[in-house]
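J.: Here you go, coords-v4.cif (mmCIF, C-alpha atoms):
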data_data
#
loop_
_atom_site.label_atom_id
_atom_site.label_comp_id
_atom_site.auth_asym_id
_atom_site.auth_seq_id
_atom_site.Cartn_x
_atom_site.Cartn_y
_atom_site.Cartn_z
CA MET A 159 95.58 132.66 81.79
CA ALA A 160 96.10 128.89 82.11
CA PRO A 161 93.11 126.86 83.31
CA ARG A 162 93.25 125.62 86.88
CA ALA A 163 92.45 122.24 88.39
CA THR A 164 91.01 121.66 91.86
CA VAL A 165 91.22 118.40 93.80
CA ASP A 166 89.34 117.36 96.93
CA VAL A 167 89.75 113.97 98.60
CA GLU A 168 88.26 112.51 101.76
CA PHE A 169 88.54 109.01 103.16
CA SER A 170 87.98 107.26 106.48
CA ILE A 171 89.75 104.35 108.13
CA HIS A 172 89.35 102.30 111.30
CA VAL A 173 92.67 101.32 112.87
CA THR A 174 92.59 98.08 114.85
CA GLU A 175 96.33 97.79 115.51
CA PRO A 176 98.39 101.01 115.77
CA GLY A 177 101.47 101.53 113.65
CA LEU A 178 102.88 103.27 110.61
CA ALA A 179 100.96 104.00 107.42
CA ALA A 180 101.83 106.00 104.30
CA ILE A 181 99.31 108.34 102.69
CA SER A 182 100.10 109.32 99.10
CA VAL A 183 97.42 111.63 97.71
CA ALA A 184 99.46 114.77 96.94
CA ALA A 185 99.12 116.14 93.42
CA ALA A 186 102.47 116.84 91.76
CA HIS A 187 103.45 120.50 91.42
CA ALA A 188 100.41 121.78 93.34
CA ASP A 189 100.32 125.57 93.73
CA THR A 190 98.42 125.27 97.02
CA GLU A 191 97.54 122.16 99.02
CA GLU A 192 96.48 121.06 102.48
CA LEU A 193 96.40 117.59 104.03
CA THR A 194 94.45 117.30 107.29
CA VAL A 195 93.92 114.32 109.58
CA SER A 196 91.50 113.87 112.46
CA TRP A 197 94.14 112.84 114.98
CA HIS A 198 97.07 114.76 116.39
CA GLY A 199 100.47 113.36 115.61
CA ASP A 200 103.69 114.02 113.76
CA SER A 201 104.33 112.83 110.23
CA GLU A 202 107.41 112.52 108.07
CA LEU A 203 107.51 113.24 104.35
CA ALA A 204 108.93 110.53 102.11
CA GLU A 205 109.83 111.58 98.56
CA PHE A 206 110.46 109.14 95.72
CA ASP A 207 111.58 109.40 92.11
CA HIS A 208 109.29 110.97 89.51
CA GLY A 209 107.36 113.22 91.88
CA THR A 210 105.74 110.71 94.25
CA ARG A 211 105.30 111.98 97.82
CA ALA A 212 103.98 110.15 100.88
CA GLU A 213 103.22 111.36 104.40
CA VAL A 214 104.10 108.63 106.88
CA PHE A 215 102.03 108.70 110.09
CA THR A 216 101.91 106.66 113.26
CA LEU A 217 98.22 105.81 113.46
CA PRO A 218 96.53 105.27 116.83
CA LYS A 219 93.60 102.90 117.33
CA GLY A 220 90.19 104.19 116.36
CA GLU A 221 88.32 105.71 113.44
CA HIS A 222 90.06 108.53 111.57
CA ARG A 223 89.33 110.85 108.65
CA VAL A 224 91.80 112.24 106.10
CA THR A 225 91.09 115.18 103.79
CA TYR A 226 93.20 116.71 101.04
CA HIS A 227 92.67 119.86 98.98
CA ALA A 228 94.89 121.11 96.16
CA GLU A 229 94.84 123.61 93.32
CA ARG A 230 97.18 123.85 90.34
CA ALA A 231 97.53 125.65 87.05
CA LEU A 232 97.41 123.39 84.00
CA ALA A 233 100.39 124.64 82.04
CA ASP A 234 101.97 122.78 79.11
CA PRO A 235 104.88 120.83 80.64
CA GLU A 236 108.08 119.82 78.91
CA PRO A 237 108.44 116.07 78.37
CA GLU A 238 110.59 114.35 81.00
CA PRO A 239 113.74 112.65 79.65
CA VAL A 240 114.05 108.90 80.01
CA THR A 241 117.18 108.14 82.02
CA LEU A 242 119.36 105.04 81.85
CA ALA A 243 118.06 104.13 85.31
CA ASP A 244 114.50 104.40 83.97
CA VAL A 245 115.35 101.97 81.18
CA ALA A 246 116.89 99.54 83.66
CA VAL A 247 113.84 99.61 85.97
CA PHE A 248 110.87 100.05 83.67
CA THR A 249 111.68 97.33 81.14
CA ARG A 250 111.78 94.62 83.83
CA PRO A 251 108.88 92.43 84.93
CA SER A 252 107.20 93.47 88.20
CA ARG A 253 104.58 92.16 90.62
CA TYR A 254 101.51 93.02 88.53
CA CYS A 255 103.25 93.27 85.16
CA PRO A 256 104.81 89.85 84.32
CA SER A 257 106.18 90.93 80.96
CA ASP A 258 108.39 87.84 80.74
CA ARG A 259 105.28 85.62 80.48
CA VAL A 260 103.18 87.27 77.76
CA ALA A 261 105.14 86.76 74.55
CA GLY A 262 102.24 84.92 72.90
CA LEU A 263 99.71 87.58 73.95
CA VAL A 264 101.28 90.64 72.30
CA PRO A 265 98.99 91.96 69.54
CA PRO A 266 100.47 91.26 66.08
CA ALA A 267 99.92 94.88 65.04
CA ALA A 268 102.29 96.01 67.80
CA ILE A 269 104.95 93.51 66.75
CA LYS A 270 104.74 94.57 63.10
CA ALA A 271 104.67 98.33 63.76
CA LYS A 272 107.71 100.20 62.43
CA ASP A 273 108.39 102.62 65.31
CA THR A 274 107.84 102.89 69.05
CA LYS A 275 104.89 105.30 68.88
CA ALA A 276 103.06 102.99 66.47
CA LYS A 277 103.77 99.99 68.72
CA VAL A 278 102.36 101.77 71.78
CA ASP A 279 99.32 102.99 69.83
CA ALA A 280 98.64 99.42 68.68
CA ILE A 281 98.86 98.15 72.26
CA VAL A 282 96.53 100.85 73.61
CA ARG A 283 94.03 100.23 70.81
CA ASN A 284 94.13 96.46 71.35
CA VAL A 285 93.63 96.74 75.12
CA HIS A 286 90.80 99.24 74.70
CA GLU A 287 89.01 96.91 72.28
CA ARG A 288 89.86 93.65 74.04
CA LEU A 289 88.93 94.52 77.64
CA SER A 290 85.59 95.61 79.07
CA TYR A 291 85.65 98.24 81.79
CA VAL A 292 83.56 96.76 84.62
CA VAL A 293 83.56 98.36 88.07
CA GLY A 294 84.30 95.79 90.77
CA SER A 295 85.33 93.11 88.31
CA SER A 296 88.88 92.54 89.51
CA ARG A 297 90.67 91.55 92.70
CA PRO A 298 93.57 93.42 94.33
CA THR A 299 95.81 90.42 93.60
CA ASP A 300 95.06 90.25 89.85
CA ASP A 301 98.02 90.79 87.54
CA ALA A 302 98.00 91.58 83.84
CA ILE A 303 97.65 87.94 82.81
CA ASP A 304 94.63 87.48 85.09
CA THR A 305 93.06 90.52 83.44
CA LEU A 306 93.75 89.30 79.91
CA LEU A 307 92.20 85.93 80.72
CA ALA A 308 89.15 87.55 82.34
CA GLY A 309 88.66 90.04 79.53
CA GLU A 310 87.56 92.78 81.91
CA GLY A 311 88.87 95.03 84.65
CA VAL A 312 89.15 98.58 85.94
CA CYS A 313 91.68 101.32 85.24
CA ARG A 314 94.51 99.71 87.21
CA ASP A 315 94.05 96.52 85.18
CA PHE A 316 94.02 98.35 81.83
CA ALA A 317 97.23 100.15 82.84
CA HIS A 318 98.90 96.93 84.03
CA VAL A 319 98.15 95.16 80.75
CA CYS A 320 99.50 98.05 78.67
CA VAL A 321 102.65 98.33 80.78
CA THR A 322 103.21 94.57 80.53
CA LEU A 323 102.81 94.45 76.76
CA CYS A 324 105.09 97.47 76.27
CA ARG A 325 107.83 95.96 78.41
CA SER A 326 107.55 92.66 76.55
CA LEU A 327 108.63 94.63 73.46
CA ASP A 328 111.47 96.30 75.40
CA ILE A 329 109.63 99.62 75.57
CA PRO A 330 110.12 101.19 79.02
CA ALA A 331 106.70 101.73 80.60
CA ARG A 332 105.58 102.85 84.04
CA TYR A 333 102.31 102.93 85.98
CA VAL A 334 100.91 106.29 87.13
CA GLY A 335 98.20 107.20 89.63
CA VAL A 336 96.40 110.42 88.64
CA TYR A 337 93.51 112.73 89.31
CA ALA A 338 91.40 112.90 86.16
CA PRO A 339 88.89 115.72 85.68
CA GLY A 340 86.00 114.41 83.61
CA LEU A 341 86.29 110.84 84.90
CA SER A 342 82.95 109.14 85.57
CA PRO A 343 82.44 107.69 88.07
CA MET A 344 84.95 109.98 89.78
CA ASP A 345 87.71 108.24 91.73
CA PHE A 346 91.47 107.87 91.77
CA HIS A 347 92.53 106.89 88.24
CA ALA A 348 95.39 104.86 86.77
CA VAL A 349 97.16 105.39 83.44
CA PHE A 350 100.62 104.60 82.11
CA GLU A 351 103.58 106.33 80.54
CA ALA A 352 105.71 104.92 77.74
CA ALA A 353 109.17 105.97 76.62
CA ILE A 354 109.06 107.35 73.07
CA ASP A 355 112.08 108.96 71.41
CA GLY A 356 113.79 109.39 74.78
CA HIS A 357 110.90 111.05 76.65
CA TRP A 358 107.88 109.99 78.73
CA TYR A 359 104.35 110.35 77.35
CA VAL A 360 101.04 109.37 78.95
CA PHE A 361 98.47 106.93 77.54
CA ASP A 362 95.12 105.65 78.79
CA ALA A 363 93.46 102.59 77.25
CA THR A 364 90.22 103.21 79.17
CA ARG A 365 89.67 106.54 77.34
CA LEU A 366 87.47 107.66 80.24
CA ALA A 367 88.99 111.14 80.67
CA PRO A 368 91.17 113.55 78.66
CA ARG A 369 94.87 113.09 79.35
CA GLN A 370 95.62 116.80 78.96
CA THR A 371 94.04 117.71 82.32
CA MET A 372 95.28 114.77 84.40
CA LEU A 373 97.37 115.49 87.49
CA ARG A 374 100.09 113.08 88.54
CA ILE A 375 99.92 111.64 92.07
CA SER A 376 102.37 108.74 92.05
CA THR A 377 104.61 106.84 89.65
CA GLY A 378 106.08 103.36 89.87
CA ARG A 379 106.56 99.93 88.38
CA ASP A 380 102.91 99.00 89.00
CA ALA A 381 100.11 99.47 91.55
CA ALA A 382 102.29 98.03 94.32
CA ASP A 383 104.38 101.23 94.19
CA THR A 384 101.54 103.73 93.96
CA SER A 385 98.87 102.99 96.56
CA PHE A 386 97.24 106.11 98.05
CA LEU A 387 97.15 104.33 101.43
CA ALA A 388 99.70 101.69 102.48
CA THR A 389 100.06 100.02 105.85
CA LEU A 390 103.63 99.81 107.16
CA GLY A 391 102.94 97.83 110.31
CA CYS A 392 99.46 98.90 111.38
CA GLU A 393 96.21 97.05 110.73
CA LEU A 394 93.13 98.90 109.54
CA ASP A 395 89.79 98.70 107.76
CA PHE A 396 89.14 101.08 104.89
CA LEU A 397 85.72 102.69 105.33
CA GLY A 398 85.36 104.52 102.03
CA SER A 399 86.46 107.55 100.06
CA THR A 400 85.28 110.40 97.87
CA VAL A 401 87.37 112.04 95.15
CA PHE A 402 86.59 115.17 93.14
CA ALA A 403 88.84 116.58 90.41
CA THR A 404 87.62 119.49 88.29
CA THR A 405 88.88 122.29 86.09
CA ASP A 406 87.60 125.83 85.63
CA ALA A 407 87.62 125.47 81.84
CA ALA A 408 85.97 123.17 79.32
CA LEU A 409 87.51 119.73 79.13
CA PRO A 410 89.67 119.23 76.03
CA VAL A 411 88.84 116.66 73.38
CA ASP A 412 91.25 113.72 73.44
CA ASP A 413 91.14 111.26 70.56
CA GLY A 414 93.77 109.10 72.30
CA THR A 415 96.33 109.28 69.50
CA GLY A 416 98.41 112.40 70.17
CA LEU A 417 101.50 112.59 72.31
CA VAL A 418 100.55 114.09 75.69
CA VAL A 419 102.93 114.98 78.52
CA LEU A 420 101.79 114.33 82.09
CA SER A 421 103.11 116.84 84.61
#
Will you turn the file into structure tokens for me?

T.:
Amino acid sequence: MAPRATVDVEFSIHVTEPGLAAISVAAAHADTEELTVSWHGDSELAEFDHGTRAEVFTLPKGEHRVTYHAERALADPEPEPVTLADVAVFTRPSRYCPSDRVAGLVPPAAIKAKDTKAKVDAIVRNVHERLSYVVGSSRPTDDAIDTLLAGEGVCRDFAHVCVTLCRSLDIPARYVGVYAPGLSPMDFHAVFEAAIDGHWYVFDATRLAPRQTMLRISTGRDAADTSFLATLGCELDFLGSTVFATTDAALPVDDGTGLVVLS
């Protein structure tokens, strides 16, 4: 029997101006799941490419609580093909991944590597060694160049730098929000996927959790496309969150070098 993953999320917000907001916390391919909110109101499901889902609510004024629970079997997925549309979108610069401005910052080992897998491995290794993971070290407005200059960041920053460097070498790369059993401290996590031999594979330069048990939440060009909470006209204060992602089996060993498919 395949191991199973369980996810539990809770966060609170205080709405000062009512309006629309999108909540994107749903795990892809969940066997069972439940999203509950502490106010009564209709929502509409918005579905995007590559498995991203968002519930769009009209939020009234006041303090509100959101909870999400999901369970899913961790089967071995087939790698997703890279489409021509993927190539067109995920080789371009984006808000947090200015790949047209980093030519002089690409690690020489990645430039000299003979094939795509070796180039991506060289980028991941360079970012892992070059950046320090420091909680609270970056700002929401920091892009990949800001992170490279600072020499430190959190998971979103590691992913942005890797995506940027891949795209600068014309390797399609995309940013992915995930649940990551084994992550410490536990929170939402960010990784990236790169196109290798016509299929998408997941990489994580932080090396803080095994890729084999990660669960996809959202996929996009960068963090601007993948926020778990996005205001669409309302104004609110975020009051805090808790995230738990676990499996009922021992965590696998991940040396960071193998090709892993993210489902």

J.: Assuming the chain letters and numbering stay as they are in my file, what does the PyMOL selection byres ((chain A and resi 285-299) around 8) actually select? List them as a short mmCIF file (atom, residue, chain, number, x, y, z; two decimals) with C-alpha atoms, keeping the file's coordinate frame.

T.:
data_model
loop_
_atom_site.label_atom_id
_atom_site.label_comp_id
_atom_site.auth_asym_id
_atom_site.auth_seq_id
_atom_site.Cartn_x
_atom_site.Cartn_y
_atom_site.Cartn_z
CA ILE A 281 98.86 98.15 72.26
CA VAL A 282 96.53 100.85 73.61
CA ARG A 283 94.03 100.23 70.81
CA ASN A 284 94.13 96.46 71.35
CA ASP A 300 95.06 90.25 89.85
CA ASP A 301 98.02 90.79 87.54
CA THR A 305 93.06 90.52 83.44
CA LEU A 306 93.75 89.30 79.91
CA GLY A 309 88.66 90.04 79.53
CA GLU A 310 87.56 92.78 81.91
CA GLY A 311 88.87 95.03 84.65
CA VAL A 312 89.15 98.58 85.94
CA CYS A 313 91.68 101.32 85.24
CA ASP A 315 94.05 96.52 85.18
CA PHE A 316 94.02 98.35 81.83
CA VAL A 319 98.15 95.16 80.75
CA CYS A 320 99.50 98.05 78.67
CA ALA A 363 93.46 102.59 77.25
CA THR A 364 90.22 103.21 79.17
CA ARG A 365 89.67 106.54 77.34
#

J.: Counting all atoms listed in the file, which of A:Val278, A:Thr164, A:Asp413, A:Ser182 gets nearest to A:Phe206?

T.: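 Closest candidate: A:Ser182.
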
J.: Considering only C-alpha atoms, can you say which of A:Arg374, A:His357, A:His198, A:Arg332 comes closest to A:Arg230?

T.: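 Closest residue, counting only C-alpha atoms: A:Arg374.
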
J.: On this structure, the PyMOL selection byres ((chain A and resi 213-226) around 8) would catch which residues? List them as an MDAnalysis selection string, sorted by chain and number.

T.: chainID A and resid 165:184 191:197 199:204 211:212 227:228 392

J.: With distances taken over all atoms listed in the file, which residue among A:Ala381, A:Leu242, A:Ala353, A:Met344 lies nearest A:Thr400?

T.: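 Nearest to A:Thr400: A:Met344.
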
J.: Report as a list in words the residues that result from applying the PyMOL selection byres ((chain A and resi 232) around 8) to the structure here.

T.: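 Taken on the displayed file, the PyMOL selection byres ((chain A and resi 232) around 8) yields the residues Ala160, Pro161, Arg162, Ala163, Arg230, Ala231, Ala233, Asp234 and Thr371 of chain A.
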
J.: Just to confirm, what's the straight-line distance from atom CA of A:Val264 to atom CA of A:Leu341 in Å (one decimal)?

T.: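 That distance, rounded to one decimal, is 28.1 Å.
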
J.: Would you work out the distance separating atom CA of A:Ser421 from atom CA of A:Asp362, expressed in Å to one decimal?

T.: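 So the answer is 14.9 Å.
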
J.: To one decimal in Å, tell me the separation between atom CA of A:Ala246 and atom CA of A:Ser376.

T.: 19.1 Å

J.: Could you give me, as an mmCIF file with C-alpha atoms, in the coordinates of the input, the residues within 9 Å of stretch 238-240 of chain A, counting all atoms listed in the file and dropping anything in the same chain fewer than 2 positions from it?

T.:
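Once written, selection-v8.cif looks like this:
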data_model
loop_
_atom_site.group_PDB
_atom_site.id
_atom_site.type_symbol
_atom_site.label_atom_id
_atom_site.label_comp_id
_atom_site.auth_asym_id
_atom_site.auth_seq_id
_atom_site.Cartn_x
_atom_site.Cartn_y
_atom_site.Cartn_z
ATOM 1 C CA PRO A 235 104.880 120.830 80.640
ATOM 2 C CA GLU A 236 108.080 119.820 78.910
ATOM 3 C CA LEU A 242 119.360 105.040 81.850
ATOM 4 C CA ALA A 243 118.060 104.130 85.310
ATOM 5 C CA ASP A 244 114.500 104.400 83.970
ATOM 6 C CA VAL A 245 115.350 101.970 81.180
ATOM 7 C CA PRO A 330 110.120 101.190 79.020
ATOM 8 C CA ALA A 353 109.170 105.970 76.620
ATOM 9 C CA ILE A 354 109.060 107.350 73.070
ATOM 10 C CA ASP A 355 112.080 108.960 71.410
ATOM 11 C CA GLY A 356 113.790 109.390 74.780
ATOM 12 C CA HIS A 357 110.900 111.050 76.650
ATOM 13 C CA TRP A 358 107.880 109.990 78.730
ATOM 14 C CA TYR A 359 104.350 110.350 77.350
ATOM 15 C CA VAL A 419 102.930 114.980 78.520
ATOM 16 C CA LEU A 420 101.790 114.330 82.090
ATOM 17 C CA SER A 421 103.110 116.840 84.610
#

J.: Select, from A:Thr389, A:Thr322, A:Thr384, A:Gln370, the residue with the minimum atom-to-atom distance to A:Thr249, counting only C-alpha atoms.

T.: A:Thr322

J.: Let me make sure I understand: among A:Ala276, A:Ala271, A:Val334, A:Leu323, which one has the smallest atom-to-atom distance to A:Arg259 if we use only C-alpha atoms?

T.: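 The shortest atom-to-atom distance to A:Arg259 comes from A:Leu323.
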
J.: Of the residues A:Met159, A:Leu390, A:Val247, A:Val349, which is the one nearest to A:Arg325, using all atoms listed in the file?

T.: A:Val247

J.: Quick one: 8 Å padding each side, axis-aligned, all listed atoms of stretch 250-254 of chain A - centre and edge lengths in Å to one decimal, as JSON?

T.:
{"center_x": 106.6, "center_y": 93.4, "center_z": 87.2, "size_x": 26.3, "size_y": 18.5, "size_z": 22.8}

J.: Quick one: residues within 10 Å of A:Ala382, only C-alpha atoms, excluding same-chain residues fewer than 6 positions away - as an NGL selection string?

T.: :A and (252-254 or 298 or 333 or 388)

J.: Could you pull stretch 298-309 of chain A out of the block above and save it with all heavy atoms, as a compact mmCIF listing (two decimals), in the first residue's frame?

T.:
# COMPACT_ATOMS: atom_id res chain seq x y z
N PRO A 298 9.09 40.94 0.71
CA PRO A 298 8.18 40.42 -0.33
C PRO A 298 8.48 40.97 -1.72
O PRO A 298 8.09 40.37 -2.71
CB PRO A 298 6.80 40.88 0.16
CG PRO A 298 6.95 41.08 1.62
CD PRO A 298 8.35 41.56 1.83
N THR A 299 9.17 42.10 -1.79
CA THR A 299 9.46 42.72 -3.10
C THR A 299 10.79 42.26 -3.69
O THR A 299 11.12 42.62 -4.82
CB THR A 299 9.48 44.24 -2.96
OG1 THR A 299 10.42 44.61 -1.94
CG2 THR A 299 8.09 44.77 -2.60
N ASP A 300 11.58 41.46 -2.96
CA ASP A 300 12.89 41.05 -3.45
C ASP A 300 12.77 40.13 -4.65
O ASP A 300 12.00 39.16 -4.63
CB ASP A 300 13.67 40.32 -2.36
CG ASP A 300 14.21 41.26 -1.30
OD1 ASP A 300 14.11 42.49 -1.50
OD2 ASP A 300 14.73 40.76 -0.28
N ASP A 301 13.56 40.41 -5.70
CA ASP A 301 13.64 39.49 -6.83
C ASP A 301 14.93 38.70 -6.74
O ASP A 301 15.69 38.80 -5.77
CB ASP A 301 13.49 40.23 -8.16
CG ASP A 301 14.62 41.20 -8.45
OD1 ASP A 301 15.68 41.15 -7.78
OD2 ASP A 301 14.46 42.04 -9.36
N ALA A 302 15.20 37.91 -7.75
CA ALA A 302 16.36 37.02 -7.71
C ALA A 302 17.67 37.78 -7.62
O ALA A 302 18.62 37.34 -6.96
CB ALA A 302 16.35 36.11 -8.94
N ILE A 303 17.77 38.93 -8.26
CA ILE A 303 19.00 39.71 -8.20
C ILE A 303 19.21 40.26 -6.79
O ILE A 303 20.32 40.25 -6.27
CB ILE A 303 18.97 40.83 -9.25
CG1 ILE A 303 19.01 40.22 -10.66
CG2 ILE A 303 20.15 41.78 -9.06
CD1 ILE A 303 18.92 41.23 -11.77
N ASP A 304 18.15 40.75 -6.16
CA ASP A 304 18.25 41.20 -4.77
C ASP A 304 18.79 40.08 -3.88
O ASP A 304 19.64 40.30 -3.01
CB ASP A 304 16.89 41.65 -4.24
CG ASP A 304 16.35 42.87 -4.96
OD1 ASP A 304 17.13 43.79 -5.22
OD2 ASP A 304 15.14 42.89 -5.24
N THR A 305 18.29 38.87 -4.09
CA THR A 305 18.72 37.73 -3.28
C THR A 305 20.19 37.39 -3.53
O THR A 305 20.95 37.14 -2.59
CB THR A 305 17.85 36.50 -3.58
OG1 THR A 305 16.48 36.81 -3.29
CG2 THR A 305 18.29 35.31 -2.76
N LEU A 306 20.61 37.39 -4.79
CA LEU A 306 22.00 37.10 -5.10
C LEU A 306 22.94 38.14 -4.48
O LEU A 306 24.01 37.80 -3.97
CB LEU A 306 22.20 37.05 -6.61
CG LEU A 306 21.66 35.81 -7.32
CD1 LEU A 306 21.66 36.01 -8.82
CD2 LEU A 306 22.50 34.59 -6.94
N LEU A 307 22.53 39.40 -4.48
CA LEU A 307 23.36 40.44 -3.89
C LEU A 307 23.41 40.32 -2.37
O LEU A 307 24.45 40.57 -1.75
CB LEU A 307 22.83 41.82 -4.29
CG LEU A 307 22.96 42.18 -5.77
CD1 LEU A 307 22.29 43.51 -6.06
CD2 LEU A 307 24.43 42.24 -6.19
N ALA A 308 22.28 39.92 -1.77
CA ALA A 308 22.23 39.78 -0.31
C ALA A 308 22.94 38.53 0.17
O ALA A 308 23.46 38.48 1.29
CB ALA A 308 20.78 39.77 0.16
N GLY A 309 22.93 37.48 -0.64
CA GLY A 309 23.58 36.24 -0.26
C GLY A 309 22.79 35.40 0.72
O GLY A 309 23.32 34.44 1.29
